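To start, the structure itself, in structure tokens.
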Amino acid sequence: MGKELIAEIISWYEGDAGMLIPIMQDLQAEHGYLPAEQLRNLSKMLEVPLSRIYQVATFYASFRLTPKGQHEVTLCMGTVCYLKGAPRISEVICEEYGIKPGSTTTDKLFTLQAVNCVGACALAPVMIIDGKYYDGVTPESALKMISDLTLKEEVAEQEAGT
Amino acid sequence: MSVDSNSRVVTSRRMIRSPEELERVREEVRKRRSSVARSVRVCIGTGCAAKGSRKLYELFYEAVEESGAEVQVEAKCVGCHGFCERGPIVVIQPENIFYQGVEEPDVGEIFRETVIGGRVVERLLYEDPGTGKKARTEEEISFYRVQERIVLAENGSIDPTDIEDYLCMGGYGALAKALNEMGPEEIISEVEKSGLRGRGGGGFPTARKWRSCREAEGDMKYVICNGDEGDPGAFMDRSIMEGNPHSVIEGMIIGAYAIGAAQGYLYVRNEYPLAVEHLRRAIEQTREMGFLGEGILGSSFSFDIKINRGGGAFVCGESTALMASLEGLAGEPRAKYVHTVEHGLHDRPTNLNNVETWANIPAIINRGGEWFGSIGTEGSKGTKVFSLVGKIVNTGLVEVPMGMTLRQIVNEIGGGVKGGKAFKAVQTGGPSGGCIPAEHLDARVDFDELTKLGSMMGSGGMIVMDEDTCMVNIAKYFLGFLKDESCGKCTPCREGIPQMLYILERIARGEGEEGDLTKLEVLGQLLSEASLCALGKTAANPVLSTIRYFRGEYEEHIAERRCPAKECRGLFYYDINTEVCTGCGICRKNCPLDAITGERKSPHLIDQEQCTKCGTCFEKCPFTAIMKV
């Protein structure tokens with residue numbers, strides 16, 4: 001990992017600095033976020049100023065500079081979901097877990113993302129947990145689904161126990 | 001041989017080197033396919049997939065494997081049928097029997113009765129809520145009857161991961177015709193005759209853009225497909241890319257040939273992983289068969305396409321911002337006086353069109369510009385795909401000829417407002433559009449008409465709102481969205497939107513002041529005149545259009561501190577209907593402030609002094625005894 005990984009990703013794009021965004025997307029796919037050290041490596045190896053890399057990393061909503069939780073909870077905030085009650089869902093999740101959209105619970109259980117429309121408007125309000133879409137979500141059902149999420153360590157413990 | 005894990009398609013693909021060979025291969029595929037007696041088409045569009053259609057497909061596939069039926073049957077995954085409200089949808093061909101709301105236990109019955117037995121399972125058919133009549137096929141359902149499908153025509157019948165399905169439908173025939181029988185000029189003339197205008201929102205004549213790019217000087221030219229569908233409430237492009245990716249690719253190859261471009265880019269929204277996956281497979285298969293690459297179909301024309309995933313920025317739907325993003329920069333737009341058709345991506349001539357625009361091209365080449373031009377209105381030709389969503393009975397994806405009235409779309413196709421509520425407005429054009437009220441429901445939907453009404457066509461989101469929707473709140477929503485998404489390059493947009501939002505938030509809190517509406521209008525005009533890009537120029541539309549049509553509602557918020565739709569917290573209060581209340585005590589237990597009192601089994605009371613209007617009691621009451629007043 002580290003420099004070798006970046007060198008490999010860069011080689012997929014033949015060292016083209018114009019492909020900075022796909023390179024960073026691949027890097028994020030490997031780590032789950034963009035570690036600062038890796039961005040410094042990237043800057044040197046691609047000969048792109050670090051400031052520009054950070055400009056891109058902070059401009060696009062899909063890039064993360066901090067590690068994410070074990071589960072990904074994405075709440076759609078598109079117009080239709082908004083009309084059908086998504087703000088209230090976001091409110092109850094944030095209250096229950098003491099987080100803000102975009103942040104991760106302290107136990108790293110999940111990261112809550114609020115997205116401006118996931119393009120599944122016929123299902124509104126929509127919540128996506130680890131890639132699976134749930135339709136007609138209510139504040140209660142959202143809390144229930146999240147409370148059913150478990151940490152990997154817990155799963156391992158349970159399995160060890162049985 | 002290649003095996004597709006997703007749809008288990010087993011095919012041998014070979015390089016095709018001439019239009020004649022293409023026709024031979026097409027006939028071979030059709031002949032091979034003609035032995036299939038019945039085919040199960042399971043929709044795996046987002047709506048149906050969320051309701052478990054992938055599992056249905058697995059079960060049908062197993063049923064096919066295990067059946068050992070004498071007749072050959074098959075199960076396929078297909079793209080979005082549009083009628084998302086009634087998903088999961090399963091269609092049995094060749095009879096086109098349309099089953100809706102299919103669940104796992106139904107698979108066995110459908111397989112036994114329909115696939116093997118050829119009998120219809122009545123209970124899974126769509127029942128018209130008005131007449132109670134059962135519909136056997138799409139054509140008998142009112143949702144589909146008045147639609148006219150060009151772009152979505154094959155969406156529900158082809159497997160998007162199998163190029164042979166597309167070939168069976170005549171796929172890449174338009175490309176062969178364009179390369180073999182038409183020259184670049186002739187292609188552009190045909191598109192010109194069709195009157196096709198850009199489907200991404202602007203409505204710029206496609207042929208004019210192509211010609212400018214063709215005539216621009218430069219050895220290297222690019223074509224781009226804008227699949228960064230960012231308008232909230234819109235999923236047309238997603239469904240096209242996921243459901244029929246080859247139509248977009250074929251359109252791009254024809255366009256590239258007409259323009260003289262050697263490289264294409266598909267810029268797809270980050271939130272659409274399935275679209276990326278389907279496009280990626282489609283491009284691979286297209287290369288294998290020689291529709292992309294060196295010397296396409298034996299001609300001297302070479303072209304290839306790369307896919308780029310967006311970074312999750314709304315502004316990248318704007319063409320110059322998208323190009324900046326493709327260059328590895330932050331997606332900031334630039335001034336429009338430098339035309340991208342001359343100085344676009346990497347400062348080279350670049351032609352950018354939206355997904356739906358590209359997907360229309362094969363049909364125009366196949367059936368002629370004149371045919372396309374015969375559909376629609378004077379200034380807007382062809383059809384338009386809309387995502388009809390919101391507080392409506394039949395939500396889904398619809399494709400209608402330009403010029404259909406909003407009333408027809410909302411009532412005939414959409415089945416009217418949900419829950420017997422009154423229609424209030426329909427929002428079109430996303431954050432660049434506006435809200436159109438009931439008195440304009442007879443307006444014909446085309447580029448110019450919607451602009452006249454203070455909204456715009458946009459990419460095709462159509463969000464229906466009922467009497468419970470507060471117009472101040474919806475304007476606030478869009479400005480909140482735009483404030484987050486403004487790239488910050490130009491001052492009017494960066495500073496103007498937060499100011500407008502600040503005023504709207506005050507109004508929604510009941511702290512509006514006299515003169516606020518004038519301030520909003522002045523700021524809105526400033527934005528439209530001084531912003532750098534089209535997104536900034538139109539950013540005030542959601543506010544201006546709602547002030548124009550719902551001024552009274554704003555004034556009620558400001559002067560009387562009342563929200564007539566009862567959405568703005570603090571501008572209405574909760575009360576308990578003592579006649580309905582059973583005294584169960586659920587509201588009392590759930591109230592975070594103990595503002596509710598009452599004995600068990602006798603009506604409860606809310607202490608208005610203590611109540612913060614959080615709405616918990618309203619949500620929890622099992623008897624809907626709590627009212628908004």
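Numbering starts fresh at 1 for the residues of each chain in the structure tokens, the chains themselves are lettered A, B, ... in the order given, and ligands are numbered from 1 as they appear.
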
Near chain A, meaning an atom within 9 Å, which residues of chain B appear when counting only C-alpha atoms? Write them as a PyMOL selection string. chain B and resi 46-47+49-51+83-85+229-236+238+270-272+308-314+325-331+387-391+394-397+430+463-465+469+474+477-478+481+487

Residues just named, written with N, CA and C atoms as a compact mmCIF listing (two decimals), in the first residue's frame:
# COMPACT_ATOMS: atom_id res chain seq x y z
N THR B 46 -34.58 1.14 -11.06
CA THR B 46 -34.38 1.41 -9.64
C THR B 46 -35.61 1.14 -8.80
N GLY B 47 -36.78 1.55 -9.32
CA GLY B 47 -38.01 1.40 -8.56
C GLY B 47 -38.33 -0.05 -8.29
N ALA B 49 -36.31 -2.62 -8.64
CA ALA B 49 -35.21 -3.29 -7.94
C ALA B 49 -35.32 -3.07 -6.44
N ALA B 50 -35.74 -1.86 -6.04
CA ALA B 50 -35.87 -1.57 -4.61
C ALA B 50 -36.97 -2.43 -4.00
N LYS B 51 -37.92 -2.83 -4.82
CA LYS B 51 -39.01 -3.66 -4.30
C LYS B 51 -38.71 -5.15 -4.52
N PHE B 83 -43.64 2.55 -15.15
CA PHE B 83 -44.77 2.58 -14.23
C PHE B 83 -44.30 2.17 -12.83
N CYS B 84 -43.37 2.96 -12.28
CA CYS B 84 -42.67 2.59 -11.06
C CYS B 84 -43.63 2.40 -9.88
N GLU B 85 -44.74 3.13 -9.93
CA GLU B 85 -45.72 3.06 -8.85
C GLU B 85 -46.17 1.62 -8.60
N GLU B 229 -27.06 13.98 -14.54
CA GLU B 229 -28.43 14.40 -14.26
C GLU B 229 -28.55 14.86 -12.81
N GLY B 230 -28.47 16.17 -12.61
CA GLY B 230 -28.41 16.67 -11.25
C GLY B 230 -29.69 17.27 -10.71
N ASP B 231 -30.66 17.55 -11.58
CA ASP B 231 -31.91 18.14 -11.08
C ASP B 231 -32.57 17.20 -10.10
N PRO B 232 -32.87 17.68 -8.89
CA PRO B 232 -33.59 16.79 -7.99
C PRO B 232 -35.00 16.56 -8.55
N GLY B 233 -35.46 15.34 -8.49
CA GLY B 233 -36.79 15.03 -9.00
C GLY B 233 -36.77 14.54 -10.43
N ALA B 234 -35.57 14.23 -10.94
CA ALA B 234 -35.48 13.79 -12.33
C ALA B 234 -34.67 12.50 -12.41
N PHE B 235 -35.18 11.50 -13.11
CA PHE B 235 -34.40 10.27 -13.30
C PHE B 235 -34.59 9.69 -14.70
N MET B 236 -34.87 10.58 -15.68
CA MET B 236 -35.07 10.13 -17.05
C MET B 236 -33.77 9.57 -17.62
N ARG B 238 -31.10 8.63 -16.15
CA ARG B 238 -30.67 7.43 -15.44
C ARG B 238 -31.32 6.19 -16.06
N ASN B 270 -22.15 10.44 -10.34
CA ASN B 270 -21.56 9.52 -9.37
C ASN B 270 -22.60 8.66 -8.66
N GLU B 271 -23.81 9.20 -8.51
CA GLU B 271 -24.87 8.47 -7.79
C GLU B 271 -25.49 7.36 -8.62
N TYR B 272 -25.04 7.19 -9.87
CA TYR B 272 -25.68 6.20 -10.74
C TYR B 272 -24.72 5.04 -11.07
N ASN B 308 -16.49 8.78 -17.73
CA ASN B 308 -16.01 9.47 -16.55
C ASN B 308 -17.14 9.57 -15.54
N ARG B 309 -16.82 9.24 -14.30
CA ARG B 309 -17.84 9.40 -13.26
C ARG B 309 -17.75 10.81 -12.69
N GLY B 310 -18.89 11.42 -12.48
CA GLY B 310 -18.92 12.76 -11.90
C GLY B 310 -18.45 12.72 -10.46
N GLY B 311 -18.17 13.90 -9.94
CA GLY B 311 -17.68 13.95 -8.56
C GLY B 311 -18.76 14.30 -7.56
N GLY B 312 -19.99 14.47 -8.06
CA GLY B 312 -21.07 14.83 -7.15
C GLY B 312 -21.19 16.33 -6.99
N ALA B 313 -21.21 17.04 -8.11
CA ALA B 313 -21.42 18.49 -8.06
C ALA B 313 -22.49 18.86 -9.08
N PHE B 314 -23.56 19.47 -8.59
CA PHE B 314 -24.68 19.83 -9.45
C PHE B 314 -24.24 20.72 -10.61
N SER B 325 -14.33 19.74 -15.33
CA SER B 325 -14.24 18.53 -14.53
C SER B 325 -13.52 17.42 -15.29
N LEU B 326 -13.79 17.32 -16.60
CA LEU B 326 -13.12 16.32 -17.43
C LEU B 326 -11.62 16.60 -17.55
N GLU B 327 -11.24 17.86 -17.33
CA GLU B 327 -9.81 18.21 -17.40
C GLU B 327 -9.13 18.03 -16.04
N GLY B 328 -9.88 17.53 -15.05
CA GLY B 328 -9.29 17.29 -13.74
C GLY B 328 -9.29 18.52 -12.84
N LEU B 329 -10.17 19.47 -13.13
CA LEU B 329 -10.23 20.69 -12.34
C LEU B 329 -11.53 20.72 -11.55
N ALA B 330 -11.62 21.70 -10.65
CA ALA B 330 -12.89 21.95 -9.97
C ALA B 330 -13.90 22.38 -11.05
N GLY B 331 -15.13 21.94 -10.93
CA GLY B 331 -16.12 22.21 -11.98
C GLY B 331 -16.70 23.60 -11.92
N SER B 387 -40.07 12.70 -15.67
CA SER B 387 -40.29 11.86 -14.48
C SER B 387 -41.43 12.52 -13.73
N LEU B 388 -42.55 11.85 -13.77
CA LEU B 388 -43.78 12.37 -13.19
C LEU B 388 -43.86 11.86 -11.76
N VAL B 389 -43.61 12.74 -10.81
CA VAL B 389 -43.49 12.30 -9.43
C VAL B 389 -44.14 13.29 -8.47
N GLY B 390 -44.06 13.00 -7.20
CA GLY B 390 -44.64 13.89 -6.19
C GLY B 390 -45.95 13.34 -5.68
N LYS B 391 -46.89 14.24 -5.42
CA LYS B 391 -48.17 13.83 -4.80
C LYS B 391 -49.15 13.42 -5.89
N ASN B 394 -50.13 7.89 -10.13
CA ASN B 394 -49.22 7.05 -10.90
C ASN B 394 -47.86 7.71 -11.07
N THR B 395 -46.96 7.49 -10.14
CA THR B 395 -45.64 8.07 -10.34
C THR B 395 -44.89 7.18 -11.32
N GLY B 396 -43.98 7.78 -12.04
CA GLY B 396 -43.16 7.00 -12.96
C GLY B 396 -42.57 7.84 -14.06
N LEU B 397 -42.10 7.11 -15.07
CA LEU B 397 -41.41 7.75 -16.18
C LEU B 397 -42.34 7.76 -17.38
N GLY B 430 -36.58 21.60 -12.47
CA GLY B 430 -35.65 21.50 -11.34
C GLY B 430 -35.37 22.85 -10.71
N ILE B 463 -42.83 17.62 -10.94
CA ILE B 463 -43.18 17.26 -9.58
C ILE B 463 -44.52 17.87 -9.20
N VAL B 464 -45.48 17.01 -8.92
CA VAL B 464 -46.83 17.48 -8.63
C VAL B 464 -46.96 17.78 -7.13
N MET B 465 -47.56 18.93 -6.83
CA MET B 465 -47.72 19.32 -5.44
C MET B 465 -49.20 19.51 -5.12
N THR B 469 -48.75 21.43 0.27
CA THR B 469 -47.38 21.89 0.01
C THR B 469 -47.35 23.41 0.12
N ILE B 474 -41.21 25.43 -0.50
CA ILE B 474 -40.60 24.80 -1.68
C ILE B 474 -39.56 25.74 -2.29
N TYR B 477 -36.62 25.42 -0.19
CA TYR B 477 -35.91 24.17 -0.47
C TYR B 477 -34.93 24.34 -1.64
N PHE B 478 -35.45 24.90 -2.74
CA PHE B 478 -34.60 25.03 -3.93
C PHE B 478 -33.44 25.99 -3.69
N PHE B 481 -30.85 24.25 -1.70
CA PHE B 481 -30.12 23.36 -2.61
C PHE B 481 -29.08 24.14 -3.41
N CYS B 487 -21.10 27.11 -7.22
CA CYS B 487 -19.67 26.82 -7.22
C CYS B 487 -18.87 27.95 -6.59

Show me, as a PyMOL selection string, the residues that have an atom within 8 Å of B:Gly415 when counting only C-alpha atoms, minus same-chain residues fewer than 3 positions from it. chain B and resi 143+392-394+410-412

Just to be explicit: take each residue in the selection above, keep N, CA and C atoms, and write the result as a PDB file, in the first residue's frame.
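Saved to selection-v3.pdb:
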ATOM      1  N   PHE B 143     -52.212   4.794 -18.144  1.00  0.00           N
ATOM      2  CA  PHE B 143     -50.896   5.394 -17.928  1.00  0.00           C
ATOM      3  C   PHE B 143     -50.063   5.362 -19.209  1.00  0.00           C
ATOM      4  N   ILE B 392     -48.817  12.355  -6.574  1.00  0.00           N
ATOM      5  CA  ILE B 392     -49.618  11.921  -7.705  1.00  0.00           C
ATOM      6  C   ILE B 392     -49.855  10.414  -7.627  1.00  0.00           C
ATOM      7  N   VAL B 393     -50.984   9.956  -8.229  1.00  0.00           N
ATOM      8  CA  VAL B 393     -51.354   8.539  -8.107  1.00  0.00           C
ATOM      9  C   VAL B 393     -50.342   7.643  -8.823  1.00  0.00           C
ATOM     10  N   ASN B 394     -50.128   7.891 -10.127  1.00  0.00           N
ATOM     11  CA  ASN B 394     -49.217   7.051 -10.901  1.00  0.00           C
ATOM     12  C   ASN B 394     -47.862   7.712 -11.069  1.00  0.00           C
ATOM     13  N   VAL B 410     -50.916  15.195 -16.042  1.00  0.00           N
ATOM     14  CA  VAL B 410     -51.185  15.016 -14.612  1.00  0.00           C
ATOM     15  C   VAL B 410     -52.406  14.113 -14.388  1.00  0.00           C
ATOM     16  N   ASN B 411     -53.473  14.357 -15.149  1.00  0.00           N
ATOM     17  CA  ASN B 411     -54.699  13.602 -14.875  1.00  0.00           C
ATOM     18  C   ASN B 411     -54.791  12.284 -15.616  1.00  0.00           C
ATOM     19  N   GLU B 412     -54.597  12.314 -16.957  1.00  0.00           N
ATOM     20  CA  GLU B 412     -54.794  11.080 -17.723  1.00  0.00           C
ATOM     21  C   GLU B 412     -53.693  10.057 -17.454  1.00  0.00           C
TER      22      GLU B 412
END

Counting only C-alpha atoms, what is within 8 Å of stretch 94-110 of chain A, bar same-chain residues fewer than 6 positions away, as a short mmCIF file (atom, residue, chain, number, x, y, z; two decimals) with N, CA and C atoms, in the first residue's frame?
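As a result, out_29.cif now contains:
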data_model
loop_
_atom_site.label_atom_id
_atom_site.label_comp_id
_atom_site.auth_asym_id
_atom_site.auth_seq_id
_atom_site.Cartn_x
_atom_site.Cartn_y
_atom_site.Cartn_z
N LYS A 68 -14.79 6.73 6.79
CA LYS A 68 -16.24 6.60 6.98
C LYS A 68 -16.56 5.43 7.90
N GLY A 69 -17.81 5.38 8.29
CA GLY A 69 -18.25 4.32 9.19
C GLY A 69 -18.33 2.99 8.47
N GLN A 70 -18.66 1.93 9.24
CA GLN A 70 -18.72 0.61 8.63
C GLN A 70 -19.91 0.46 7.70
N HIS A 71 -20.95 1.21 8.00
CA HIS A 71 -22.11 1.16 7.12
C HIS A 71 -22.34 2.55 6.52
N GLU A 72 -22.93 2.52 5.33
CA GLU A 72 -23.20 3.79 4.68
C GLU A 72 -24.71 4.01 4.60
N VAL A 73 -25.18 5.05 5.25
CA VAL A 73 -26.61 5.36 5.21
C VAL A 73 -26.77 6.64 4.40
N LEU A 149 -28.46 -2.18 12.34
CA LEU A 149 -27.07 -2.29 11.86
C LEU A 149 -26.17 -2.70 13.01
N THR A 150 -25.18 -3.51 12.69
CA THR A 150 -24.27 -3.93 13.76
C THR A 150 -22.83 -3.70 13.34
N LEU A 151 -21.99 -3.52 14.32
CA LEU A 151 -20.55 -3.38 14.06
C LEU A 151 -19.97 -4.74 13.73
#

May I have the residues within 9 Å of stretch 547-552 of chain B as a list in words, using only C-alpha atoms and disregarding those fewer than 6 positions away in the same chain? Cys435, Ile436, Pro437, Gly454, Met471, Val472, Leu517 and Glu521 of chain B

Looking only at helix (DSSP H, G or I) from DSSP on the backbone, list the matching residues of stretch 99-231 of chain B as an MDAnalysis selection string. chainID B and resid 106:116 122:124 138:140 142:145 163:168 173:181 184:194 206:215

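The two atoms in question, atom CA of B:Ala508 and atom CA of B:Thr624, are spaced 25.5 Å apart.
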
Could you tell me which of B:Arg588, B:Lys489, B:Arg494, B:Arg149 comes closest to B:Ala335 if we count only C-alpha atoms? B:Lys489

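Using only C-alpha atoms, the shortest contact distance between B:Gln263 and any of B:Tyr222, B:Tyr126, B:Phe618, B:Tyr57 is found at B:Tyr222.
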